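Visitor: So here's my_file-v5.txt (compact mmCIF, C-alpha atoms).
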```txt
# COMPACT_ATOMS: atom_id res chain seq x y z
CA MET I 1 -28.74 -2.97 -5.24
CA LYS I 2 -25.72 -3.14 -2.95
CA SER I 3 -25.67 -0.82 0.07
CA ALA I 4 -23.49 -0.43 3.14
CA ILE I 5 -23.78 1.01 6.62
CA VAL I 6 -20.49 2.05 8.22
CA LEU I 7 -20.63 2.34 12.02
CA ALA I 8 -18.44 5.29 13.03
CA ALA I 9 -20.22 6.98 15.95
CA GLY I 10 -18.13 5.75 18.89
CA LYS I 11 -15.88 7.91 21.07
CA GLY I 12 -12.73 5.85 20.60
CA THR I 13 -11.58 6.92 24.07
CA ARG I 14 -8.67 4.48 24.14
CA MET I 15 -7.05 6.31 21.24
CA ASN I 16 -6.44 9.23 23.63
CA SER I 17 -6.95 11.66 20.76
CA LYS I 18 -8.95 14.73 19.80
CA LEU I 19 -9.24 13.23 16.32
CA PRO I 20 -12.18 10.84 15.74
CA LYS I 21 -10.90 7.28 15.73
CA VAL I 22 -11.91 6.51 12.14
CA LEU I 23 -9.83 9.46 10.87
CA HIS I 24 -6.58 7.99 12.18
CA LYS I 25 -4.45 6.79 9.29
CA VAL I 26 -3.35 3.32 8.24
CA CYS I 27 -0.71 3.33 5.50
CA SER I 28 -1.18 7.08 4.91
CA LYS I 29 -4.98 6.90 4.49
CA SER I 30 -7.67 7.20 7.15
CA MET I 31 -9.57 4.11 8.30
CA ILE I 32 -12.85 5.43 6.97
CA GLU I 33 -11.30 6.18 3.56
CA HIS I 34 -9.99 2.62 3.27
CA ILE I 35 -13.43 1.22 4.06
CA VAL I 36 -15.41 3.51 1.76
CA ASP I 37 -12.97 3.05 -1.13
CA ASN I 38 -13.09 -0.75 -0.78
CA LEU I 39 -16.89 -0.71 -0.68
CA LYS I 40 -16.99 1.34 -3.87
CA GLU I 41 -14.65 -1.18 -5.51
CA CYS I 42 -17.34 -3.77 -4.71
CA GLN I 43 -19.88 -1.67 -6.66
CA VAL I 44 -21.72 -0.61 -3.50
CA GLU I 45 -24.06 2.12 -4.68
CA ARG I 46 -25.15 3.72 -1.40
CA ILE I 47 -22.89 4.05 1.65
CA ILE I 48 -24.28 5.59 4.83
CA THR I 49 -21.77 6.38 7.56
CA VAL I 50 -23.37 6.57 10.99
CA VAL I 51 -21.61 9.32 12.96
CA GLY I 52 -21.82 10.61 16.51
CA HIS I 53 -18.73 11.80 18.36
CA GLY I 54 -16.64 13.99 16.07
CA ALA I 55 -19.41 13.94 13.47
CA LYS I 56 -18.48 17.28 11.93
CA LYS I 57 -14.84 16.32 11.38
CA ILE I 58 -15.80 13.01 9.77
CA GLU I 59 -18.37 14.66 7.53
CA GLU I 60 -15.87 17.30 6.42
CA ALA I 61 -13.21 14.67 5.71
CA MET I 62 -15.59 12.46 3.70
CA GLU I 63 -17.76 15.11 2.07
CA GLY I 64 -19.16 13.91 -1.25
CA ARG I 65 -17.89 10.37 -0.79
CA CYS I 66 -20.77 8.90 1.23
CA GLU I 67 -24.01 9.78 2.99
CA PHE I 68 -24.29 10.39 6.74
CA ALA I 69 -26.70 9.59 9.54
CA LEU I 70 -26.39 10.92 13.10
CA GLN I 71 -26.68 8.56 16.07
CA SER I 72 -27.62 10.60 19.11
CA PRO I 73 -27.95 9.33 21.75
CA GLN I 74 -25.91 6.17 21.16
CA LEU I 75 -27.91 3.14 22.22
CA GLY I 76 -25.91 0.23 20.84
CA SER I 77 -24.92 -1.30 17.51
CA GLY I 78 -28.49 -2.23 16.57
CA HIS I 79 -29.61 1.33 17.23
CA ALA I 80 -26.78 2.61 15.02
CA VAL I 81 -28.11 0.55 12.12
CA MET I 82 -31.62 1.86 12.79
CA CYS I 83 -30.24 5.39 12.29
CA ALA I 84 -29.46 4.53 8.65
CA SER I 85 -33.19 4.64 7.95
CA ALA I 86 -32.59 6.24 4.55
CA LEU I 87 -32.02 2.67 3.32
CA SER I 88 -35.20 1.27 4.86
CA ASN I 89 -37.14 1.21 1.59
CA GLU I 90 -34.34 -0.17 -0.56
CA LYS I 91 -34.16 -3.69 -1.93
CA GLY I 92 -30.98 -5.70 -2.27
CA LYS I 93 -28.00 -6.50 -0.07
CA THR I 94 -26.58 -4.38 2.73
CA LEU I 95 -23.22 -4.69 4.45
CA VAL I 96 -22.86 -3.51 8.03
CA VAL I 97 -19.23 -2.61 8.62
CA ASN I 98 -17.30 -1.37 11.65
CA GLY I 99 -15.54 1.91 10.94
CA ASP I 100 -12.43 0.76 12.79
CA CYS I 101 -11.76 -2.30 10.57
CA PRO I 102 -9.83 -0.79 7.62
CA CYS I 103 -7.95 -3.95 6.67
CA VAL I 104 -10.96 -5.96 5.47
CA GLN I 105 -10.26 -6.73 1.83
CA ILE I 106 -12.49 -6.27 -1.20
CA GLU I 107 -12.48 -10.03 -1.80
CA THR I 108 -13.92 -10.64 1.67
CA TYR I 109 -16.80 -8.23 1.11
CA GLU I 110 -17.49 -9.91 -2.24
CA LYS I 111 -17.56 -13.35 -0.58
CA MET I 112 -20.16 -12.05 1.86
CA PHE I 113 -22.33 -10.69 -0.95
CA GLU I 114 -22.06 -14.03 -2.77
CA ALA I 115 -22.89 -16.05 0.36
CA LEU I 116 -26.09 -14.05 0.83
CA GLU I 117 -27.62 -15.53 -2.35
CA ASP I 118 -29.33 -18.40 -0.46
CA CYS I 119 -29.80 -17.02 3.07
CA GLY I 120 -31.04 -13.97 4.95
CA ALA I 121 -27.82 -12.86 6.62
CA VAL I 122 -24.08 -13.53 6.61
CA VAL I 123 -21.72 -13.06 9.56
CA LEU I 124 -18.01 -12.48 9.01
CA THR I 125 -16.11 -14.64 11.50
CA VAL I 126 -12.55 -15.66 12.30
CA SER I 127 -11.05 -18.52 14.32
CA LEU I 128 -8.54 -17.59 17.01
CA ASN I 129 -6.20 -19.81 18.99
CA ASP I 130 -7.11 -17.70 21.99
CA PRO I 131 -10.61 -16.28 21.44
CA LYS I 132 -10.49 -14.41 24.76
CA ALA I 133 -13.77 -12.67 25.64
CA TYR I 134 -15.10 -12.27 22.09
CA GLY I 135 -18.61 -13.38 21.17
CA ARG I 136 -18.72 -17.03 20.06
CA ILE I 137 -20.36 -18.30 16.87
CA VAL I 138 -22.75 -21.17 17.58
CA ARG I 139 -23.57 -23.26 14.50
CA ASP I 140 -25.86 -26.22 13.89
CA ASP I 141 -24.74 -29.54 12.37
CA SER I 142 -25.15 -28.17 8.84
CA GLY I 143 -22.86 -25.21 9.56
CA LYS I 144 -25.57 -22.56 9.69
CA VAL I 145 -25.23 -19.89 12.39
CA LEU I 146 -27.77 -20.25 15.19
CA ARG I 147 -26.70 -17.41 17.42
CA ILE I 148 -23.83 -15.25 18.65
CA VAL I 149 -23.17 -15.75 22.35
CA GLU I 150 -21.30 -13.13 24.32
CA TYR I 151 -18.55 -14.58 26.46
CA LYS I 152 -20.15 -13.52 29.73
CA ASP I 153 -23.37 -15.32 28.73
CA ALA I 154 -21.69 -18.44 27.28
CA ASN I 155 -21.67 -21.81 29.02
CA GLU I 156 -18.52 -23.89 29.38
CA GLU I 157 -19.08 -25.73 26.09
CA GLU I 158 -19.69 -22.51 24.18
CA ARG I 159 -16.56 -20.93 25.62
CA MET I 160 -14.54 -23.74 24.03
CA ILE I 161 -15.56 -22.47 20.58
CA HIS I 162 -12.71 -20.74 18.74
CA GLU I 163 -14.78 -19.09 16.00
CA ILE I 164 -15.68 -15.54 16.98
CA ASN I 165 -17.81 -12.69 15.66
CA THR I 166 -16.01 -9.82 13.93
CA GLY I 167 -19.03 -7.50 14.04
CA ILE I 168 -19.30 -7.30 10.26
CA TYR I 169 -22.49 -8.54 8.56
CA CYS I 170 -24.33 -8.74 5.28
CA PHE I 171 -28.15 -8.72 5.22
CA ASP I 172 -31.01 -8.86 2.82
CA ASN I 173 -31.97 -5.22 3.19
CA GLU I 174 -35.72 -5.74 3.53
CA LEU I 175 -35.20 -8.45 6.16
CA LEU I 176 -32.73 -6.22 7.99
CA PHE I 177 -35.10 -3.30 8.50
CA GLU I 178 -38.05 -5.56 9.16
CA SER I 179 -36.08 -7.40 11.88
CA LEU I 180 -34.72 -4.21 13.42
CA LYS I 181 -38.27 -3.46 14.55
CA GLU I 182 -38.12 -6.57 16.73
CA LEU I 183 -34.93 -5.64 18.58
CA LYS I 184 -35.38 -5.06 22.30
CA ASN I 185 -33.19 -3.28 24.81
CA ASP I 186 -34.10 -5.35 27.87
CA ASN I 187 -30.52 -5.81 29.01
CA ALA I 188 -28.30 -4.27 31.68
CA GLN I 189 -27.08 -1.54 29.32
CA HIS I 190 -30.55 -0.84 27.87
CA GLU I 191 -29.04 -0.96 24.39
CA TYR I 192 -30.08 -2.52 21.09
CA TYR I 193 -27.59 -5.14 19.89
CA ILE I 194 -27.20 -6.11 16.26
CA THR I 195 -26.17 -9.61 17.33
CA ASP I 196 -29.77 -10.26 18.44
CA LEU I 197 -30.82 -10.14 14.77
CA ILE I 198 -29.27 -13.58 14.26
CA GLU I 199 -31.66 -15.25 16.68
CA ILE I 200 -34.60 -13.22 15.35
CA LEU I 201 -33.92 -14.52 11.83
CA ASN I 202 -33.47 -18.09 13.06
CA ARG I 203 -36.83 -17.95 14.83
CA LYS I 204 -38.35 -17.15 11.44
CA ASN I 205 -36.51 -20.14 9.92
CA ILE I 206 -34.42 -17.79 7.82
CA ALA I 207 -30.93 -19.20 7.37
CA VAL I 208 -27.86 -17.33 8.60
CA LYS I 209 -24.46 -18.29 7.19
CA ALA I 210 -20.89 -17.43 8.11
CA VAL I 211 -17.91 -16.42 5.99
CA CYS I 212 -14.75 -17.21 7.94
CA SER I 213 -11.67 -15.08 7.33
CA SER I 214 -8.40 -16.99 7.26
CA ASP I 215 -6.43 -14.04 8.62
CA PRO I 216 -7.16 -12.54 12.06
CA GLY I 217 -5.19 -9.41 11.16
CA GLU I 218 -7.56 -8.62 8.30
CA VAL I 219 -10.64 -8.39 10.52
CA ALA I 220 -9.10 -6.93 13.66
CA GLY I 221 -10.67 -3.76 15.02
CA ILE I 222 -8.56 -0.80 16.12
CA ASN I 223 -9.16 0.55 19.61
CA ASP I 224 -5.84 2.11 20.62
CA ARG I 225 -2.50 3.26 19.22
CA ILE I 226 -0.97 -0.19 19.67
CA GLU I 227 -3.64 -1.79 17.51
CA LEU I 228 -3.28 1.09 15.05
CA ALA I 229 0.41 0.23 14.68
CA GLU I 230 -0.47 -3.45 14.23
CA ALA I 231 -2.96 -2.58 11.48
CA ASN I 232 -0.33 -0.42 9.76
CA GLN I 233 2.12 -3.30 9.88
CA TRP I 234 -0.44 -5.78 8.55
CA MET I 235 -1.42 -3.58 5.62
CA GLN I 236 2.16 -2.56 4.93
CA GLN I 237 3.25 -6.19 4.66
CA LYS I 238 0.30 -7.13 2.45
CA ILE I 239 0.92 -4.25 0.05
CA ASN I 240 4.63 -5.06 -0.11
CA ARG I 241 4.02 -8.78 -0.72
CA ASP I 242 1.59 -7.97 -3.52
CA TRP I 243 4.16 -5.77 -5.26
CA MET I 244 6.91 -8.35 -4.89
CA LYS I 245 4.62 -10.92 -6.54
CA LYS I 246 4.23 -8.49 -9.45
CA GLY I 247 7.99 -8.21 -10.03
CA VAL I 248 9.15 -5.40 -7.77
CA THR I 249 12.24 -5.98 -5.63
CA ILE I 250 11.83 -4.67 -2.08
CA LEU I 251 15.06 -5.21 -0.20
CA ASP I 252 13.58 -4.73 3.27
CA PRO I 253 9.77 -4.98 3.42
CA ASN I 254 9.83 -4.13 7.13
CA THR I 255 11.08 -0.60 6.45
CA THR I 256 9.33 0.10 3.15
CA TYR I 257 6.01 1.95 3.29
CA ILE I 258 3.83 1.98 0.18
CA GLY I 259 0.38 3.56 0.05
CA LYS I 260 -2.57 1.67 -1.37
CA GLU I 261 -2.97 3.92 -4.43
CA VAL I 262 0.70 3.77 -5.44
CA GLU I 263 1.60 2.10 -8.77
CA ILE I 264 5.03 0.54 -9.40
CA GLY I 265 6.48 -0.81 -12.65
CA GLN I 266 8.13 -4.17 -13.15
CA ASP I 267 11.79 -4.65 -12.19
CA CYS I 268 11.91 -1.63 -9.92
CA VAL I 269 14.23 -1.95 -6.93
CA ILE I 270 13.29 -0.30 -3.64
CA TYR I 271 15.93 0.06 -0.94
CA PRO I 272 15.17 0.30 2.80
CA ASN I 273 13.32 3.17 4.45
CA CYS I 274 11.48 4.44 1.39
CA HIS I 275 8.01 5.99 1.77
CA LEU I 276 5.65 6.14 -1.23
CA GLU I 277 2.30 7.82 -0.64
CA GLY I 278 -0.71 9.28 -2.45
CA ASN I 279 -1.07 8.86 -6.21
CA THR I 280 2.59 8.07 -6.77
CA VAL I 281 3.47 6.19 -9.98
CA ILE I 282 6.89 4.60 -10.58
CA GLY I 283 7.96 3.41 -14.04
CA GLU I 284 9.82 0.21 -14.91
CA ASN I 285 13.49 -0.45 -14.02
CA THR I 286 13.66 2.50 -11.65
CA VAL I 287 15.77 2.30 -8.50
CA LEU I 288 14.80 4.05 -5.28
CA LEU I 289 17.86 4.20 -3.06
CA PRO I 290 17.45 4.49 0.76
CA ASN I 291 15.39 7.22 2.40
CA CYS I 292 13.27 8.39 -0.53
CA PHE I 293 9.99 10.13 0.36
CA LEU I 294 7.56 10.41 -2.56
CA VAL I 295 4.03 11.84 -2.37
CA ASN I 296 1.89 12.22 -5.51
CA ALA I 297 5.08 11.81 -7.50
CA LYS I 298 5.37 10.46 -11.03
CA ILE I 299 8.72 8.84 -11.81
CA GLY I 300 9.52 7.49 -15.28
CA HIS I 301 11.43 4.43 -16.49
CA ASP I 302 15.11 3.74 -15.80
CA CYS I 303 15.54 6.44 -13.17
CA THR I 304 17.59 6.46 -9.99
CA ILE I 305 16.24 8.45 -7.05
CA ASP I 306 18.65 8.72 -4.14
CA ASN I 307 17.60 9.85 -0.65
CA SER I 308 15.30 12.56 -1.99
CA ARG I 309 11.88 14.12 -1.36
CA ILE I 310 9.54 14.54 -4.34
CA THR I 311 5.99 15.81 -3.86
CA ASP I 312 3.34 16.68 -6.46
CA SER I 313 5.96 16.56 -9.20
CA GLU I 314 7.10 14.49 -12.19
CA VAL I 315 10.50 13.11 -13.13
CA LYS I 316 10.53 11.59 -16.61
CA ASN I 317 12.71 8.82 -18.04
CA GLU I 318 16.42 8.07 -17.53
CA CYS I 319 16.97 10.68 -14.85
CA THR I 320 19.03 10.64 -11.69
CA VAL I 321 17.93 12.66 -8.68
CA GLY I 322 19.76 13.20 -5.41
CA PRO I 323 21.03 12.53 -2.90
CA TRP I 324 19.20 15.09 -0.74
CA ALA I 325 17.23 16.72 -3.53
CA HIS I 326 13.80 18.26 -2.97
CA LEU I 327 11.24 18.70 -5.76
CA ARG I 328 7.86 20.20 -4.88
CA MET I 329 4.78 21.99 -6.20
CA ASN I 330 4.29 20.71 -9.74
CA CYS I 331 7.85 20.44 -10.96
CA VAL I 332 8.49 18.60 -14.24
CA VAL I 333 11.93 17.17 -14.98
CA GLU I 334 12.27 16.05 -18.60
CA ASP I 335 14.20 12.98 -19.85
CA LYS I 336 17.90 12.30 -19.27
CA ASN I 337 18.40 14.86 -16.55
CA ARG I 338 20.76 14.96 -13.62
CA ILE I 339 19.54 16.64 -10.43
CA GLY I 340 22.25 16.48 -7.80
CA ASN I 341 22.70 16.79 -4.06
CA PHE I 342 21.12 19.64 -2.06
CA VAL I 343 19.11 20.90 -5.03
CA GLU I 344 15.62 22.27 -4.50
CA PHE I 345 13.09 22.82 -7.28
CA LYS I 346 9.77 24.53 -6.70
CA LYS I 347 7.20 24.92 -9.51
CA THR I 348 9.93 24.46 -12.07
CA LYS I 349 10.10 22.83 -15.50
CA PHE I 350 13.56 21.46 -16.20
CA GLY I 351 14.29 20.72 -19.88
CA PHE I 352 15.67 17.69 -21.70
CA ASP I 353 19.24 16.57 -20.92
CA SER I 354 20.06 19.48 -18.65
CA ARG I 355 22.22 19.48 -15.52
CA CYS I 356 21.85 20.88 -12.03
CA ALA I 357 24.46 19.09 -9.99
CA HIS I 358 24.45 20.64 -6.52
CA LEU I 359 23.55 23.33 -3.98
CA THR I 360 20.95 25.16 -6.06
CA TYR I 361 17.45 26.62 -5.71
CA LEU I 362 15.22 27.03 -8.76
CA GLY I 363 11.76 28.40 -8.04
CA ASP I 364 9.01 29.46 -10.48
CA SER I 365 11.35 28.65 -13.34
CA GLU I 366 11.36 27.28 -16.86
CA ILE I 367 14.69 25.81 -17.90
CA GLY I 368 15.36 24.73 -21.49
CA SER I 369 17.18 21.69 -22.85
CA LYS I 370 20.92 21.06 -22.53
CA VAL I 371 21.30 23.80 -19.94
CA ASN I 372 24.03 23.68 -17.30
CA ILE I 373 23.17 25.15 -13.91
CA GLY I 374 26.31 25.65 -11.85
CA CYS I 375 26.81 25.11 -8.14
CA GLY I 376 25.09 27.60 -5.85
CA VAL I 377 22.73 29.14 -8.41
CA VAL I 378 19.64 30.82 -6.96
CA THR I 379 16.57 32.13 -8.72
CA VAL I 380 15.56 35.18 -6.68
CA ASN I 381 11.85 34.80 -7.28
CA TYR I 382 10.23 36.60 -4.32
CA ASP I 383 10.28 40.32 -3.54
CA GLY I 384 8.36 39.99 -0.28
CA LEU I 385 4.98 40.47 -1.95
CA ASN I 386 4.91 38.52 -5.22
CA LYS I 387 6.59 35.57 -6.95
CA TYR I 388 8.18 36.09 -10.36
CA LYS I 389 9.28 33.76 -13.14
CA THR I 390 12.75 32.93 -14.42
CA VAL I 391 13.20 31.59 -17.98
CA VAL I 392 16.49 30.06 -19.12
CA LYS I 393 16.47 28.94 -22.75
CA ASP I 394 18.24 26.04 -24.53
CA ASN I 395 22.01 25.55 -24.33
CA ALA I 396 22.55 28.25 -21.74
CA PHE I 397 25.46 27.96 -19.31
CA ILE I 398 24.82 29.43 -15.86
CA GLY I 399 28.04 29.65 -13.87
CA SER I 400 28.44 28.88 -10.19
CA ASN I 401 27.15 31.21 -7.48
CA VAL I 402 24.84 33.16 -9.82
CA ASN I 403 21.72 35.01 -8.65
CA LEU I 404 19.02 35.38 -11.30
CA ILE I 405 16.66 38.12 -10.08
CA ALA I 406 13.20 37.47 -11.50
CA PRO I 407 11.39 38.33 -13.64
CA ILE I 408 14.19 37.55 -16.06
CA THR I 409 14.82 35.69 -19.32
CA VAL I 410 18.21 34.26 -20.23
CA GLY I 411 18.33 33.47 -23.96
CA GLU I 412 19.66 30.55 -26.01
CA ASN I 413 23.41 29.83 -26.20
CA THR I 414 24.16 32.34 -23.47
CA VAL I 415 26.66 32.39 -20.63
CA VAL I 416 26.18 33.97 -17.22
CA ALA I 417 29.56 34.30 -15.57
CA ALA I 418 30.19 32.77 -12.15
CA GLY I 419 29.49 35.02 -9.20
CA SER I 420 27.12 37.31 -11.11
CA THR I 421 23.91 38.83 -9.81
CA VAL I 422 21.83 39.41 -12.94
CA ASN I 423 18.62 41.46 -13.00
CA GLN I 424 18.24 42.19 -16.73
CA ASP I 425 17.38 39.88 -19.62
CA VAL I 426 20.27 38.29 -21.50
CA GLU I 427 19.77 38.13 -25.27
CA ASP I 428 20.49 35.00 -27.34
CA GLY I 429 24.19 34.33 -27.77
CA ASP I 430 25.34 36.97 -25.23
CA MET I 431 27.36 36.70 -22.04
CA ALA I 432 26.40 38.47 -18.81
CA ILE I 433 28.92 39.46 -16.14
CA ALA I 434 27.70 41.33 -13.09
CA ARG I 435 30.37 41.41 -10.40
CA ASN I 436 32.94 43.81 -8.96
CA ARG I 437 36.42 43.75 -10.41
CA GLN I 438 39.00 42.08 -8.20
CA GLU I 439 41.32 44.38 -6.26
CA VAL I 440 44.65 43.05 -4.95
CA LYS I 441 46.32 44.77 -1.97
CA LYS I 442 49.98 43.82 -1.99
CA GLY I 443 51.30 42.41 1.29
CA PHE I 444 48.02 42.84 3.20
CA GLY I 445 47.51 39.10 3.58
CA ALA I 446 50.81 38.52 5.34
CA LYS I 447 50.20 41.44 7.74
CA TYR I 448 46.73 40.16 8.59
CA THR I 449 47.77 36.56 9.26
CA SER I 450 50.71 37.66 11.39
CA LYS I 451 48.32 39.59 13.62
CA ARG I 452 46.12 36.53 14.01
CA LYS I 453 49.10 34.41 15.07
CA LYS I 454 49.91 36.86 17.86
```
Please express what this file holds, its structure, as structure tokens.
Guide:
Amino acid sequence: MKSAIVLAAGKGTRMNSKLPKVLHKVCSKSMIEHIVDNLKECQVERIITVVGHGAKKIEEAMEGRCEFALQSPQLGSGHAVMCASALSNEKGKTLVVNGDCPCVQIETYEKMFEALEDCGAVVLTVSLNDPKAYGRIVRDDSGKVLRIVEYKDANEEERMIHEINTGIYCFDNELLFESLKELKNDNAQHEYYITDLIEILNRKNIAVKAVCSSDPGEVAGINDRIELAEANQWMQQKINRDWMKKGVTILDPNTTYIGKEVEIGQDCVIYPNCHLEGNTVIGENTVLLPNCFLVNAKIGHDCTIDNSRITDSEVKNECTVGPWAHLRMNCVVEDKNRIGNFVEFKKTKFGFDSRCAHLTYLGDSEIGSKVNIGCGVVTVNYDGLNKYKTVVKDNAFIGSNVNLIAPITVGENTVVAAGSTVNQDVEDGDMAIARNRQEVKKGFGAKYTSKRKK
């Protein structure tokens, strides 16, 4: 069985935040979500997150997605692993993962599981040009890991080592909990350190191996907002490169932000400053012009979306949307539609080959096929207490500056004259006019303008 222990009990004081560190987001998803989702992709069956500071917020955010263990008081990394005692009777392989390392890839975890086949523990390492004060990896001539030496305890020769410990491990689970019993806290901090397990295993002649990451950015921990930004940039660039390899054109990867769950079809073109988040799906040959913001949006094939915001809504094939359009709350736009500038849809179904070119609000509406919605049309759907539905059937023509006061149904092949405020149903084939007749006062205009000139 594969298990994992995620260490997420620390204060994260350098984040300067009331939010627990592991709930800060990288590419629109929290650190802890990235880690747990990647572990599940590796077929990890049990995940225990060790919490401490901000425990309630973390548990609420991750409810149903993993198990929890409380570390209180906090007596070091080894003690944190001890708190995951629910795994103590399990057999198999167990990853120990830092909750502030969201960029570690699925492939890296899988390499660690594979490397554990012929040893008792695996340490994830990385080589740095400047290893600073990180713990050094000391190997023997065969490449096996003998110990992890903290910088302050290292001699001159050991400080010359460039391979450092990332704090991520994979253990034989039975060996892990057996060896935890041998950890001691006879150090200045009186804490139990997980790094001491390496020497304990070596004393038992149990081999410890290392998997070395080729990318320092992948295994970097996040301790402050600067490192959070660096992690965002690393993941953003990786996601963008992966999509470009699959046939998506991204004109400026530095200003394009794509969430990990987003799906994009071949031959799409994404212009600068587009943000795609959540469970967004983009079909083939679609163009996203600058400044699009899509969250949980489904966009079909051969569409053009221009400088628009689409959330929790679907735009089907061969549509154009924008610029400055806003679709929200489960809208559905059928094929071959044109949604123009400064149009807002809320909870609206917009039928096949219809038009809504500009300056319009449609809320709680169902619009048929081949309908024309003129400029400045408003569905008056809210009376201060309740929302009401507007239905406009096929081939209707709604003139400019019309108010449709819901609940209302406008039938097939109807016309609503420009400037009308309509509050009664319009039967199929009829025309509705609801406006005052024009009155002309002879000469009044000239008198009025002459007064203004004076």
Visitor: Leaving out range 167-173 of chain I and any residue of its chain fewer than 6 positions from it, which residues lie within 8 Å of it when counting only C-alpha atoms, given as a ChimeraX atom specification?
Guide: /I:87-88,90-98,112-113,116,120-124
Visitor: For His34 in chain I, which of I:Asp100, I:Asp306, I:Glu67, I:Glu114 is the closest residue, counting all atoms listed in the file?
Guide: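 Counting all atoms listed in the file, the residue closest to His34 in chain I is I:Asp100.
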Visitor: Which distance in Å separates CA of Met160 in chain I and CA of Gly99 in chain I, to one decimal?
Guide: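 For CA of Met160 in chain I relative to CA of Gly99 in chain I, the distance reads 28.8 Å.
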Visitor: Pick out the closest residue to Tyr109 in chain I from this set: I:Lys40, I:Lys246, I:Lys29, I:His24. Count only C-alpha atoms.
Guide: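 Using only C-alpha atoms, Tyr109 in chain I sits closest to I:Lys40.
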